[in-house]
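Here is the structure we will look at.
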Amino acid sequence: MGEQPEREPPEFPKHPGEPMRPVEDTTDADLHPRFWEAQLEAARRGSLAWGFAAFFIGYGGYYLTVLILNAARQSPAGGFDPTTPPNTGPLLLLAFAPNILLGLVPAVFSWWRGRGLRSDFGILPKRRDFKVGLACGGIALFGSWALTLVIIAISGPPPETDLARLMQGERTVWLFVFALFAFLGAPLTEELLMRGALWGALEHYRIPRYAILVLTALIFALIHQEVWRTPVLFFGGLAIGAARMITGRVAASMIAHATNNFLPALLLFAIAG
């Protein structure tokens, strides 16, 4: 093999007005031009192989807690007394208690097995996360609204839920707290589980990024266990997941998720006021 030529040092201007020599191009050919930002974030983050354990334990704890609460709220006589209806507001907020486990378990795994929430998930938002998150959240919001109108036109109005009954009552304080959690709490906990732990684990095992996007959106729709809204949730999950795929940070998908929940939360705030 021949000797490699020595690289010449960069030339600096000899006179104050002389332009500098152009620097050498340092673009990494292995980085995808569209997803270079997310690939750099993944390289800094390191292994999230523990993400599967965090996801299954987090969702398993959530589902078990839901079953326990549903069993506890059943009437001992197995019936319903219309003269003493249940206080829907506290029951509805109590149903959100298991949701905390969705984010708490990935957080504990990150502190225990990983490098912390900021490093493992990119939970501290940057200016870029706000731009991408708001754009993807807007797509999720208006796309889901249009899809909901189509579903209503085809299959009729959705079944009545505890939230619908709560909106017809006078317990405005519960509506306010519910709206606050829907706007801030749910995006934090659900994104740590879905686009944090699960996405990071799939990414660790080199699953193609578009397959991760579709798979996490599908699981996101199914874990809500709302058959009527499954197509809407799936579409929203795709748009929210796109923010995570573009930036490589959960902060972007959290902002997208909060944006998607903004108008429903605003409506509840208005009713509560």
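If you're wondering about the labels, chains in the structure tokens are A, B, ... by order shown, residues count from 1 in each chain, ligands from 1 in order shown.
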Spatial neighbours of region 210-221 of chain A, max dist 7 Å, only C-alpha atoms, sep filter under 6 positions, as an MDAnalysis selection string: chainID A and resid 194 199 202 230 233:234 237:238 241
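Put simply, CA of Leu141 (chain A) is 17.4 Å away from CA of Phe181 (chain A).
If you look at CA of Gly58 (chain A) and CA of Ala258 (chain A), they are 20.9 Å away from each other.
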I need the residue nearest Asn260 (chain A) from this list: A:Ser119, A:Gln225, A:Ser144, A:Thr189. Use only C-alpha atoms for the distance. A:Ser144
Shell around Pro98 (chain A) at 9 Å using only C-alpha atoms, local window under 6 positions removed, as a compact mmCIF listing (two decimals) with C-alpha atoms, in the first residue's frame:
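And here's around-v3.txt as it stands now:
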```
# COMPACT_ATOMS: atom_id res chain seq x y z
CA GLY A 61 -50.08 -2.12 36.32
CA TYR A 62 -52.46 0.32 34.67
CA TYR A 63 -54.80 -2.42 33.45
CA LEU A 64 -54.77 -4.26 36.80
CA THR A 65 -55.55 -1.05 38.68
CA VAL A 66 -58.43 -0.33 36.30
```
Could you name the residues that touch region 145-147 of chain A at 12 Å or less, counting only C-alpha atoms, but leaving out those on the same chain fewer than 2 positions away, as a list in words? Gly138, Ile139, Ala140, Leu141, Phe142, Gly143, Leu149, Val150, Ile151, Ile152, Ala153, Ile154, Trp228, Arg229, Thr230, Pro231, Val232, Leu233, Phe234, Phe235, Gly236, Asn260, Asn261, Leu263 and Pro264 of chain A
Could you tell me, as JSON, numbers by chain, which residues of region 29-245 of chain A DSSP assigns to helix (DSSP H, G or I) when given the backbone? {"A": [36, 37, 38, 39, 40, 41, 42, 43, 44, 45, 51, 52, 53, 54, 55, 56, 57, 58, 59, 60, 61, 62, 63, 64, 65, 66, 67, 68, 69, 70, 71, 72, 88, 89, 90, 91, 92, 93, 94, 99, 100, 101, 102, 103, 104, 105, 106, 107, 108, 109, 110, 111, 112, 113, 117, 118, 119, 120, 121, 127, 128, 129, 130, 131, 132, 133, 134, 135, 136, 137, 138, 139, 140, 141, 142, 143, 144, 145, 146, 147, 148, 149, 150, 151, 152, 153, 154, 155, 162, 163, 164, 165, 166, 167, 168, 172, 173, 174, 175, 176, 177, 178, 179, 180, 181, 182, 183, 184, 185, 186, 187, 188, 189, 190, 191, 192, 193, 194, 195, 196, 197, 198, 199, 200, 201, 202, 203, 204, 209, 210, 211, 212, 213, 214, 215, 216, 217, 218, 219, 220, 221, 222, 223, 227, 228, 229, 230, 231, 232, 233, 234, 235, 236, 237, 238, 239, 240, 241, 242, 243, 244, 245]}
Could you jot down the CA of Arg209 (chain A) to CA of Ser47 (chain A) separation for me, Å, one decimal place? 16.1 Å
Show which residues sit within 7 Å of region 105-113 of chain A, as number ranges by chain. Count only C-alpha atoms, and ignore same-chain residues fewer than 4 positions away. A: 54-55, 58, 101, 117, 120, 192-193, 197
Let me see the file: selected residues, N, CA and C atoms, as a PDB file, in the first residue's frame.
```pdb
ATOM      1  N   ALA A  54     -40.354  -1.774  30.827  1.00  0.00           N
ATOM      2  CA  ALA A  54     -41.051  -0.599  31.341  1.00  0.00           C
ATOM      3  C   ALA A  54     -42.453  -0.496  30.742  1.00  0.00           C
ATOM      4  N   PHE A  55     -42.567  -0.792  29.450  1.00  0.00           N
ATOM      5  CA  PHE A  55     -43.873  -0.692  28.790  1.00  0.00           C
ATOM      6  C   PHE A  55     -44.850  -1.722  29.348  1.00  0.00           C
ATOM      7  N   GLY A  58     -45.642  -1.082  33.045  1.00  0.00           N
ATOM      8  CA  GLY A  58     -46.455   0.120  33.172  1.00  0.00           C
ATOM      9  C   GLY A  58     -47.887  -0.104  32.734  1.00  0.00           C
ATOM     10  N   LEU A 101     -49.560   5.541  36.341  1.00  0.00           N
ATOM     11  CA  LEU A 101     -48.596   4.441  36.228  1.00  0.00           C
ATOM     12  C   LEU A 101     -47.970   4.366  34.840  1.00  0.00           C
ATOM     13  N   LEU A 117     -34.487  10.996  32.607  1.00  0.00           N
ATOM     14  CA  LEU A 117     -35.531  11.362  31.652  1.00  0.00           C
ATOM     15  C   LEU A 117     -35.025  12.292  30.561  1.00  0.00           C
ATOM     16  N   ASP A 120     -32.613   9.938  28.273  1.00  0.00           N
ATOM     17  CA  ASP A 120     -33.244   8.767  27.652  1.00  0.00           C
ATOM     18  C   ASP A 120     -34.402   9.136  26.733  1.00  0.00           C
ATOM     19  N   LEU A 192     -44.600   9.151  27.654  1.00  0.00           N
ATOM     20  CA  LEU A 192     -43.463   8.464  28.267  1.00  0.00           C
ATOM     21  C   LEU A 192     -43.559   6.957  28.033  1.00  0.00           C
ATOM     22  N   LEU A 193     -44.770   6.425  28.051  1.00  0.00           N
ATOM     23  CA  LEU A 193     -44.953   4.992  27.825  1.00  0.00           C
ATOM     24  C   LEU A 193     -44.820   4.635  26.355  1.00  0.00           C
ATOM     25  N   ALA A 197     -40.767   4.711  26.222  1.00  0.00           N
ATOM     26  CA  ALA A 197     -40.274   3.367  26.508  1.00  0.00           C
ATOM     27  C   ALA A 197     -40.441   2.418  25.315  1.00  0.00           C
TER      28      ALA A 197
END
```
Among the residues A:Arg45, A:Cys136, A:Phe96, A:Pro159, the one that comes closest to Gly116 (chain A) [using only C-alpha atoms]: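 The answer is A:Arg45, which sits nearest to Gly116 (chain A).
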